[in-house]
$ cat entry.cif   # mmCIF, C-alpha atoms and all ligand atoms
data_protein
loop_
_atom_site.label_atom_id
_atom_site.label_comp_id
_atom_site.auth_asym_id
_atom_site.auth_seq_id
_atom_site.Cartn_x
_atom_site.Cartn_y
_atom_site.Cartn_z
CA MET A 1 32.61 133.39 72.52
CA MET A 2 36.02 131.79 71.90
CA SER A 3 37.46 132.73 68.53
CA ALA A 4 38.53 129.87 66.27
CA PRO A 5 42.19 128.94 66.70
CA LEU A 6 44.57 130.47 64.21
CA VAL A 7 46.65 127.90 62.35
CA ALA A 8 48.72 130.07 60.05
CA ASP A 9 51.19 128.12 57.96
CA LEU A 10 53.13 130.95 56.33
CA HIS A 11 56.00 128.84 54.97
CA LEU A 12 55.13 126.18 52.38
CA HIS A 13 56.72 124.88 49.16
CA SER A 14 55.26 123.44 45.96
CA HIS A 15 56.76 121.81 42.87
CA HIS A 16 57.30 125.28 41.42
CA SER A 17 60.47 125.38 43.54
CA ASP A 18 61.85 122.45 45.56
CA GLY A 19 58.62 121.04 46.99
CA VAL A 20 56.85 118.10 45.37
CA LEU A 21 53.11 118.87 45.40
CA ALA A 22 51.22 121.10 42.98
CA PRO A 23 49.86 124.20 44.76
CA ALA A 24 46.26 122.94 44.65
CA ALA A 25 47.22 119.59 46.20
CA LEU A 26 49.29 121.40 48.81
CA ILE A 27 46.35 123.60 49.80
CA GLU A 28 44.02 120.57 49.98
CA LEU A 29 46.51 118.96 52.35
CA CYS A 30 46.61 122.17 54.41
CA ALA A 31 42.80 122.21 54.61
CA SER A 32 42.68 118.56 55.70
CA ARG A 33 45.14 119.36 58.48
CA GLY A 34 43.19 122.31 59.89
CA VAL A 35 45.32 125.14 58.51
CA THR A 36 43.34 128.42 58.54
CA HIS A 37 45.84 130.75 56.78
CA ALA A 38 48.22 129.50 54.08
CA ALA A 39 51.09 131.19 52.26
CA LEU A 40 52.81 129.33 49.45
CA THR A 41 56.38 130.61 49.81
CA ASP A 42 58.29 128.97 46.99
CA HIS A 43 61.94 129.87 46.59
CA ASP A 44 62.46 132.82 44.24
CA THR A 45 59.27 132.43 42.19
CA LEU A 46 55.64 133.55 42.26
CA GLU A 47 54.63 130.91 39.74
CA GLY A 48 52.27 128.93 42.01
CA CYS A 49 50.59 131.84 43.81
CA LEU A 50 47.46 132.17 41.67
CA GLU A 51 46.79 128.43 41.77
CA ALA A 52 47.26 128.52 45.56
CA ARG A 53 44.92 131.49 45.85
CA ASP A 54 42.18 129.75 43.86
CA ALA A 55 42.60 126.55 45.83
CA CYS A 56 42.36 128.49 49.11
CA ALA A 57 39.12 130.09 47.90
CA ARG A 58 37.68 126.64 47.12
CA GLN A 59 38.79 125.17 50.45
CA GLY A 60 37.77 128.16 52.59
CA LEU A 61 41.31 129.07 53.70
CA ARG A 62 42.67 132.57 54.01
CA HIS A 63 45.25 132.89 51.23
CA VAL A 64 48.35 134.98 51.81
CA ALA A 65 50.56 135.79 48.80
CA GLY A 66 54.07 134.64 49.61
CA VAL A 67 57.63 134.06 48.43
CA GLU A 68 60.92 132.96 50.06
CA VAL A 69 63.76 134.99 48.60
CA SER A 70 67.43 134.02 48.78
CA CYS A 71 69.87 136.76 49.73
CA GLY A 72 73.33 137.32 51.12
CA TRP A 73 74.53 138.94 54.33
CA ASN A 74 78.19 138.96 55.40
CA GLY A 75 78.97 135.92 53.28
CA GLN A 76 75.97 133.96 54.61
CA THR A 77 72.94 132.86 52.60
CA LEU A 78 69.74 134.05 54.26
CA HIS A 79 66.10 133.47 53.39
CA VAL A 80 63.64 136.32 53.61
CA ILE A 81 59.91 135.75 53.25
CA GLY A 82 57.61 138.34 51.69
CA LEU A 83 53.90 138.12 52.49
CA GLU A 84 50.76 139.88 51.26
CA PHE A 85 52.22 141.85 48.37
CA ASP A 86 51.41 142.81 44.80
CA LEU A 87 51.99 139.72 42.66
CA GLU A 88 52.25 141.93 39.58
CA ASP A 89 55.06 144.16 40.86
CA PRO A 90 57.50 144.38 37.91
CA ALA A 91 60.66 145.16 39.93
CA LEU A 92 60.11 142.14 42.17
CA ALA A 93 59.52 139.92 39.11
CA LEU A 94 62.85 141.07 37.64
CA HIS A 95 64.64 140.55 40.94
CA LEU A 96 63.39 136.95 41.14
CA ALA A 97 64.19 136.21 37.47
CA ASP A 98 67.75 137.39 38.09
CA ILE A 99 68.07 135.02 41.06
CA ARG A 100 66.76 132.10 39.00
CA ALA A 101 69.42 132.80 36.36
CA ARG A 102 72.12 132.79 39.05
CA ARG A 103 70.71 129.53 40.39
CA ALA A 104 70.87 127.90 36.95
CA ALA A 105 74.52 128.90 36.53
CA ARG A 106 75.29 127.51 39.99
CA ILE A 107 73.64 124.14 39.30
CA ALA A 108 75.67 123.82 36.06
CA GLU A 109 78.84 124.66 38.01
CA ILE A 110 78.01 122.11 40.74
CA GLY A 111 77.44 119.48 38.04
CA GLU A 112 80.86 120.18 36.55
CA ARG A 113 82.54 120.03 39.94
CA LEU A 114 80.86 116.71 40.82
CA GLU A 115 82.07 115.33 37.50
CA ARG A 116 85.61 116.66 37.82
CA LYS A 117 86.26 116.13 41.52
CA ALA A 118 84.12 113.10 42.34
CA ARG A 119 83.70 111.33 38.98
CA LEU A 120 79.93 111.46 39.35
CA PRO A 121 77.65 112.02 36.31
CA GLY A 122 77.19 115.59 37.50
CA LYS A 123 76.77 117.19 34.08
CA ALA A 124 73.95 114.86 33.10
CA LEU A 125 72.17 115.35 36.45
CA ALA A 126 72.51 119.13 36.15
CA ALA A 127 71.24 119.06 32.56
CA LYS A 128 68.19 117.06 33.64
CA ILE A 129 67.36 119.57 36.37
CA LEU A 130 67.99 122.60 34.15
CA GLY A 131 65.68 121.15 31.51
CA ARG A 132 62.90 120.53 33.99
CA ASP A 133 62.95 122.85 37.01
CA ALA A 134 62.30 126.57 36.70
CA VAL A 135 63.92 127.21 40.10
CA PRO A 136 66.86 124.81 40.08
CA THR A 137 67.97 124.14 43.67
CA ARG A 138 70.47 121.95 45.43
CA MET A 139 67.48 120.01 46.77
CA HIS A 140 66.76 118.84 43.20
CA LEU A 141 70.37 117.70 42.85
CA ALA A 142 70.19 115.96 46.22
CA ARG A 143 67.09 114.03 45.06
CA GLU A 144 68.81 113.02 41.82
CA LEU A 145 71.93 111.88 43.70
CA VAL A 146 69.74 109.71 45.96
CA ALA A 147 67.78 108.31 43.00
CA ALA A 148 71.03 107.40 41.22
CA GLY A 149 72.34 105.61 44.33
CA HIS A 150 75.06 108.12 45.19
CA ALA A 151 73.57 109.01 48.58
CA LYS A 152 71.27 107.19 50.97
CA ASP A 153 68.93 110.12 51.64
CA ILE A 154 68.65 113.87 51.13
CA GLY A 155 70.60 114.70 54.30
CA ASP A 156 73.40 112.36 53.21
CA ALA A 157 73.46 113.90 49.71
CA PHE A 158 73.95 117.37 51.22
CA ALA A 159 76.53 116.22 53.76
CA THR A 160 78.54 114.09 51.32
CA TRP A 161 78.39 116.12 48.13
CA LEU A 162 76.85 119.56 48.37
CA THR A 163 77.79 121.50 51.48
CA ARG A 164 80.83 123.70 52.01
CA GLY A 165 84.05 121.70 51.78
CA ARG A 166 82.43 118.91 49.71
CA PRO A 167 83.19 118.27 46.00
CA GLY A 168 79.91 119.73 44.77
CA HIS A 169 80.04 122.96 46.68
CA ALA A 170 79.92 126.02 44.41
CA PRO A 171 79.60 129.56 45.72
CA ILE A 172 76.78 131.82 44.57
CA ALA A 173 76.48 135.60 44.85
CA TRP A 174 72.95 136.43 45.98
CA PRO A 175 71.55 139.97 46.05
CA THR A 176 72.10 141.63 49.43
CA LEU A 177 69.68 141.53 52.35
CA ALA A 178 69.16 145.30 52.14
CA GLU A 179 68.32 145.12 48.42
CA THR A 180 65.99 142.19 48.99
CA VAL A 181 64.04 143.81 51.81
CA ALA A 182 63.74 147.01 49.75
CA ARG A 183 62.49 145.05 46.73
CA LEU A 184 59.87 143.23 48.76
CA ARG A 185 58.74 146.39 50.51
CA GLY A 186 58.52 148.08 47.13
CA ALA A 187 55.92 145.47 46.23
CA GLY A 188 54.05 146.20 49.46
CA ALA A 189 55.17 143.07 51.31
CA ARG A 190 55.37 142.36 55.00
CA VAL A 191 58.92 141.06 55.36
CA VAL A 192 59.87 138.13 57.58
CA LEU A 193 63.29 136.63 58.29
CA ALA A 194 62.97 132.86 57.81
CA HIS A 195 64.36 130.34 60.33
CA PRO A 196 66.90 132.65 62.05
CA HIS A 197 68.16 129.77 64.23
CA ARG A 198 69.41 127.82 61.20
CA TYR A 199 72.08 130.30 60.14
CA GLU A 200 75.60 129.68 61.31
CA LEU A 201 75.91 132.95 63.21
CA SER A 202 77.28 133.76 66.64
CA ALA A 203 74.83 135.27 69.14
CA GLY A 204 76.37 138.69 68.50
CA ALA A 205 76.15 138.38 64.72
CA LEU A 206 72.52 137.26 64.94
CA ARG A 207 71.68 140.29 67.10
CA ARG A 208 73.43 142.54 64.58
CA LEU A 209 71.56 140.90 61.70
CA LEU A 210 68.21 141.39 63.43
CA GLY A 211 69.02 145.01 64.23
CA GLU A 212 69.83 145.72 60.58
CA PHE A 213 66.81 143.78 59.38
CA ARG A 214 64.53 145.77 61.70
CA ALA A 215 66.07 149.07 60.54
CA GLU A 216 65.53 148.09 56.90
CA GLY A 217 61.84 147.50 57.54
CA GLY A 218 61.68 143.83 58.52
CA GLU A 219 58.41 143.27 60.39
CA ALA A 220 58.67 139.74 61.77
CA ILE A 221 60.91 136.76 62.32
CA GLU A 222 59.90 133.14 62.18
CA VAL A 223 59.72 131.84 65.73
CA ALA A 224 57.46 128.80 65.61
CA VAL A 225 59.13 126.79 62.87
CA ALA A 226 58.76 123.03 62.44
CA GLY A 227 61.54 121.09 64.13
CA ILE A 228 62.80 123.93 66.32
CA GLY A 229 63.99 122.86 69.79
CA PRO A 230 62.84 124.54 73.02
CA SER A 231 66.10 126.43 73.58
CA ASP A 232 66.15 127.88 70.04
CA LEU A 233 62.47 128.79 70.38
CA ASP A 234 63.23 130.58 73.62
CA ARG A 235 66.20 132.38 72.05
CA LEU A 236 64.15 133.57 69.06
CA ALA A 237 61.27 134.65 71.30
CA THR A 238 63.69 136.76 73.35
CA LEU A 239 65.10 138.32 70.17
CA ALA A 240 61.60 139.04 68.82
CA ARG A 241 60.72 140.87 72.08
CA HIS A 242 64.01 142.74 72.15
CA HIS A 243 63.75 144.05 68.57
CA GLY A 244 59.96 144.42 68.53
CA PHE A 245 59.28 141.84 65.83
CA ALA A 246 55.97 140.10 65.28
CA ALA A 247 56.34 136.31 65.30
CA SER A 248 55.66 134.19 62.25
CA THR A 249 54.68 130.53 62.11
CA GLY A 250 55.26 127.90 59.45
CA SER A 251 56.18 124.32 58.65
CA ASP A 252 58.61 124.82 55.72
CA PHE A 253 56.80 121.82 54.24
CA HIS A 254 58.34 120.40 51.04
CA ASP A 255 57.41 116.74 50.69
CA PRO A 256 54.71 114.42 52.12
CA ALA A 257 57.32 111.63 52.25
CA ILE A 258 59.12 113.57 54.99
CA PRO A 259 57.03 112.95 58.09
CA TRP A 260 58.27 115.51 60.59
CA ASN A 261 56.99 118.80 59.13
CA PRO A 262 53.55 118.36 57.58
CA PRO A 263 51.56 121.55 56.87
CA GLY A 264 50.18 123.10 60.04
CA ARG A 265 52.64 121.42 62.41
CA PHE A 266 54.94 123.78 64.28
CA ALA A 267 55.68 124.81 67.85
CA LYS A 268 53.23 126.96 69.81
CA LEU A 269 54.11 130.65 70.05
CA PRO A 270 54.76 132.08 73.53
CA ALA A 271 51.54 133.88 74.53
CA ASP A 272 53.09 137.35 74.84
CA LEU A 273 54.39 137.47 71.26
CA GLU A 274 52.18 138.98 68.59
CA PRO A 275 51.51 136.42 65.85
CA LEU A 276 52.15 137.98 62.46
CA ALA A 277 49.01 136.21 61.25
CA ALA A 278 46.92 138.42 63.57
CA ARG A 279 47.99 141.42 61.42
CA LEU A 280 46.85 139.83 58.17
CA ALA A 281 43.55 141.22 56.99
P1 LIG B 301 69.48 125.96 47.51
O1 LIG B 301 68.53 127.09 47.80
O2 LIG B 301 69.61 125.66 46.06
O3 LIG B 301 70.79 126.13 48.22
O4 LIG B 301 68.79 124.64 48.07
C1 LIG B 301 68.62 124.57 49.40
C2 LIG B 301 67.31 123.86 49.71
O5 LIG B 301 67.65 122.54 50.05
C3 LIG B 301 66.70 124.49 50.93
O6 LIG B 301 65.66 125.34 50.58
C4 LIG B 301 66.22 123.33 51.74
O7 LIG B 301 64.91 122.99 51.32
C5 LIG B 301 67.14 122.20 51.34
N1 LIG B 301 68.32 121.97 52.20
C6 LIG B 301 69.37 122.77 52.40
N2 LIG B 301 70.29 122.21 53.19
C7 LIG B 301 69.82 120.99 53.51
C8 LIG B 301 70.31 119.89 54.29
N3 LIG B 301 71.49 119.94 54.92
N4 LIG B 301 69.54 118.79 54.38
C9 LIG B 301 68.36 118.74 53.76
N5 LIG B 301 67.84 119.72 53.00
C10 LIG B 301 68.56 120.84 52.87
MN MN B 302 63.68 124.45 50.13
MN MN B 303 64.59 128.50 53.85
MN MN B 304 61.52 127.19 52.90
#

$ encode --input "entry.cif" --output "structure tokens"
Amino acid sequence: MMSAPLVADLHLHSHHSDGVLAPAALIELCASRGVTHAALTDHDTLEGCLEARDACARQGLRHVAGVEVSCGWNGQTLHVIGLEFDLEDPALALHLADIRARRAARIAEIGERLERKARLPGKALAAKILGRDAVPTRMHLARELVAAGHAKDIGDAFATWLTRGRPGHAPIAWPTLAETVARLRGAGARVVLAHPHRYELSAGALRRLLGEFRAEGGEAIEVAVAGIGPSDLDRLATLARHHGFAASTGSDFHDPAIPWNPPGRFAKLPADLEPLAARLA
């Protein structure tokens, strides 16, 4: 008998970070799109996990506890995903609360810079976000800049105002990769490096990163990510084989208004790679 196909979307966002749907609505959308395993991986918060778990139980999906944690490596921001861990782990909760505090300070700083350098109402936009969003991200600011007519879309808001070299760029010191992996493993997580092809790293630096990540206890890298091109997919597959990583799959879905990465849509994994989802109980 053929086993049912595995559609494991292990990278999803809700309105508890910079997505727009509530966890229950997100999981309903996943179910309607044929997702079999779902991990809500909000940035730096576990807030939506119980709602996602209950919704998965109602919809007959396998729920995987998840989080996408921001960290730093050689001056680069990286995202590390923890899966299947203890949601009550106190050290992880403290780690995430510390990151949220750093995020809030950064959004206030970006608001001031937008005001000072670009004469935009940055302070008011930052205050609105800080009063509303528990995980204040640049995505929230990008949405506000679009809504106020200062950018034509999210991509334009980042490119014009928020990225390095633009008036609203403000540095942030994240906890290190090593610390982050240790924290997640302390909570019992399987640890996955998110979207390795998106970092601005040379081939050599990426190999070094993956070697360190493996040595620290990283188990998988995302390989089948929404929007990845064939040459990046091939490159990540080669790296996964070389370092002995399992391969994770996910859409990085944030918003139903963005049509190219709905839940459950991502590239097919090369047949010889072990899907991380196959290791989930
Ligand atoms: P932050 O973690 O506060 O730096 O916010 C970054 C979030 O914004 C990411 O998680 C992405 O969802 C999104 N993002 C980052 N860069 C871009 C970009 N250039 N265009 C569109 N969205 C972006
Ligand atoms: Mn995001
Ligand atoms: Mn990410
Ligand atoms: Mn993400």

$ closest_residue --input "entry.cif" --among "A:Phe85, A:Phe245, A:Phe253, A:Tyr199" --to "ligand MN 304 (chain B)" --atoms "all atoms listed in the file"
A:Phe253

$ residues_around --input "entry.cif" --residues "His95 (chain A)" --least-positions-apart "4" --cutoff "8 Å" --atoms "only C-alpha atoms" --output "list of chain:residue names"
A:Ala91, A:Ile99, A:Arg183

$ residues_near_ligand --input "entry.cif" --ligand "ligand MN 304 (chain B)" --cutoff "10 Å" --atoms "all atoms listed in the file" --output "number ranges by chain"
A: 10-13, 17-19, 40-43, 67-70, 79-81, 194-195, 250-254

$ closest_residue --input "entry.cif" --among "A:Lys123, A:Arg53, A:Arg103, A:His242" --to "ligand LIG 301 (chain B)" --atoms "all atoms listed in the file"
A:Arg103

$ residues_near_ligand --input "entry.cif" --ligand "ligand LIG 301 (chain B)" --cutoff "6 Å" --atoms "all atoms listed in the file" --output "PyMOL selection string"
chain A and resi 137-139+154-155+158

$ atom_distance --input "entry.cif" --atom1 "CA of Asp44 (chain A)" --atom2 "CA of Ala134 (chain A)"
9.8 Å

$ atom_distance --input "entry.cif" --atom1 "CA of Gly204 (chain A)" --atom2 "CA of Ile221 (chain A)"
16.8 Å

$ closest_residue --input "entry.cif" --among "A:Leu209, A:Ala170, A:Val223, A:Leu94" --to "Pro275 (chain A)" --atoms "all atoms listed in the file"
A:Val223

$ closest_residue --input "entry.cif" --among "A:Gly211, A:Pro196, A:Gly264, A:Gly244" --to "Ile228 (chain A)" --atoms "all atoms listed in the file"
A:Pro196

$ residues_near_point --input "entry.cif" --point "(50.8, 111.5, 52.2)" --cutoff "12 Å" --atoms "all atoms listed in the file" --output "PyMOL selection string"
chain A and resi 20-21+25-26+28-30+32-33+254-263

$ closest_residue --input "entry.cif" --among "A:Arg241, A:Arg62, A:His140, A:Arg132" --to "ligand MN 302 (chain B)" --atoms "all atoms listed in the file"
A:His140

$ closest_residue --input "entry.cif" --among "A:Ala124, A:Ala147, A:Asp98, A:Ala189" --to "Val64 (chain A)" --atoms "all atoms listed in the file"
A:Ala189

$ axis_aligned_box --input "entry.cif" --around "region 147-155 of chain A" --padding-each-side "6 Å" --output "AutoDock Vina command-line options"
--center_x 71.4 --center_y 110.2 --center_z 47.8 --size_x 19.3 --size_y 21.1 --size_z 25.1

$ build_atoms --input "entry.cif" --residues "region 66-79 of chain A" --atoms "N, CA, C and O atoms" --output "PDB file, in the coordinates of the input"
ATOM      1  N   GLY A  66      52.784 134.825  48.952  1.00  0.00           N
ATOM      2  CA  GLY A  66      54.070 134.640  49.610  1.00  0.00           C
ATOM      3  C   GLY A  66      55.196 134.257  48.669  1.00  0.00           C
ATOM      4  O   GLY A  66      54.974 133.795  47.543  1.00  0.00           O
ATOM      5  N   VAL A  67      56.423 134.472  49.156  1.00  0.00           N
ATOM      6  CA  VAL A  67      57.630 134.060  48.430  1.00  0.00           C
ATOM      7  C   VAL A  67      58.787 133.985  49.437  1.00  0.00           C
ATOM      8  O   VAL A  67      58.802 134.731  50.417  1.00  0.00           O
ATOM      9  N   GLU A  68      59.705 133.050  49.236  1.00  0.00           N
ATOM     10  CA  GLU A  68      60.920 132.960  50.060  1.00  0.00           C
ATOM     11  C   GLU A  68      62.100 133.329  49.175  1.00  0.00           C
ATOM     12  O   GLU A  68      62.406 132.616  48.212  1.00  0.00           O
ATOM     13  N   VAL A  69      62.726 134.433  49.488  1.00  0.00           N
ATOM     14  CA  VAL A  69      63.760 134.990  48.600  1.00  0.00           C
ATOM     15  C   VAL A  69      65.145 134.752  49.197  1.00  0.00           C
ATOM     16  O   VAL A  69      65.390 135.017  50.373  1.00  0.00           O
ATOM     17  N   SER A  70      66.054 134.264  48.358  1.00  0.00           N
ATOM     18  CA  SER A  70      67.430 134.020  48.780  1.00  0.00           C
ATOM     19  C   SER A  70      68.207 135.325  48.726  1.00  0.00           C
ATOM     20  O   SER A  70      68.080 136.095  47.763  1.00  0.00           O
ATOM     21  N   CYS A  71      69.034 135.558  49.755  1.00  0.00           N
ATOM     22  CA  CYS A  71      69.870 136.760  49.730  1.00  0.00           C
ATOM     23  C   CYS A  71      71.139 136.521  50.518  1.00  0.00           C
ATOM     24  O   CYS A  71      71.310 135.456  51.131  1.00  0.00           O
ATOM     25  N   GLY A  72      72.041 137.474  50.454  1.00  0.00           N
ATOM     26  CA  GLY A  72      73.330 137.320  51.120  1.00  0.00           C
ATOM     27  C   GLY A  72      73.538 138.393  52.166  1.00  0.00           C
ATOM     28  O   GLY A  72      73.097 139.544  52.001  1.00  0.00           O
ATOM     29  N   TRP A  73      74.190 138.005  53.252  1.00  0.00           N
ATOM     30  CA  TRP A  73      74.530 138.940  54.330  1.00  0.00           C
ATOM     31  C   TRP A  73      75.846 138.503  54.938  1.00  0.00           C
ATOM     32  O   TRP A  73      75.920 137.394  55.479  1.00  0.00           O
ATOM     33  N   ASN A  74      76.872 139.308  54.826  1.00  0.00           N
ATOM     34  CA  ASN A  74      78.190 138.960  55.400  1.00  0.00           C
ATOM     35  C   ASN A  74      78.646 137.563  55.014  1.00  0.00           C
ATOM     36  O   ASN A  74      79.090 136.795  55.864  1.00  0.00           O
ATOM     37  N   GLY A  75      78.479 137.217  53.746  1.00  0.00           N
ATOM     38  CA  GLY A  75      78.970 135.920  53.280  1.00  0.00           C
ATOM     39  C   GLY A  75      78.052 134.747  53.587  1.00  0.00           C
ATOM     40  O   GLY A  75      78.357 133.611  53.232  1.00  0.00           O
ATOM     41  N   GLN A  76      76.930 135.014  54.248  1.00  0.00           N
ATOM     42  CA  GLN A  76      75.970 133.960  54.610  1.00  0.00           C
ATOM     43  C   GLN A  76      74.778 134.024  53.649  1.00  0.00           C
ATOM     44  O   GLN A  76      74.350 135.113  53.284  1.00  0.00           O
ATOM     45  N   THR A  77      74.221 132.862  53.307  1.00  0.00           N
ATOM     46  CA  THR A  77      72.940 132.860  52.600  1.00  0.00           C
ATOM     47  C   THR A  77      71.830 132.965  53.627  1.00  0.00           C
ATOM     48  O   THR A  77      71.812 132.226  54.608  1.00  0.00           O
ATOM     49  N   LEU A  78      70.917 133.903  53.395  1.00  0.00           N
ATOM     50  CA  LEU A  78      69.740 134.050  54.260  1.00  0.00           C
ATOM     51  C   LEU A  78      68.494 133.888  53.411  1.00  0.00           C
ATOM     52  O   LEU A  78      68.527 134.110  52.192  1.00  0.00           O
ATOM     53  N   HIS A  79      67.395 133.544  54.063  1.00  0.00           N
ATOM     54  CA  HIS A  79      66.100 133.470  53.390  1.00  0.00           C
ATOM     55  C   HIS A  79      65.141 134.464  54.019  1.00  0.00           C
ATOM     56  O   HIS A  79      64.936 134.462  55.230  1.00  0.00           O
TER      57      HIS A  79
END
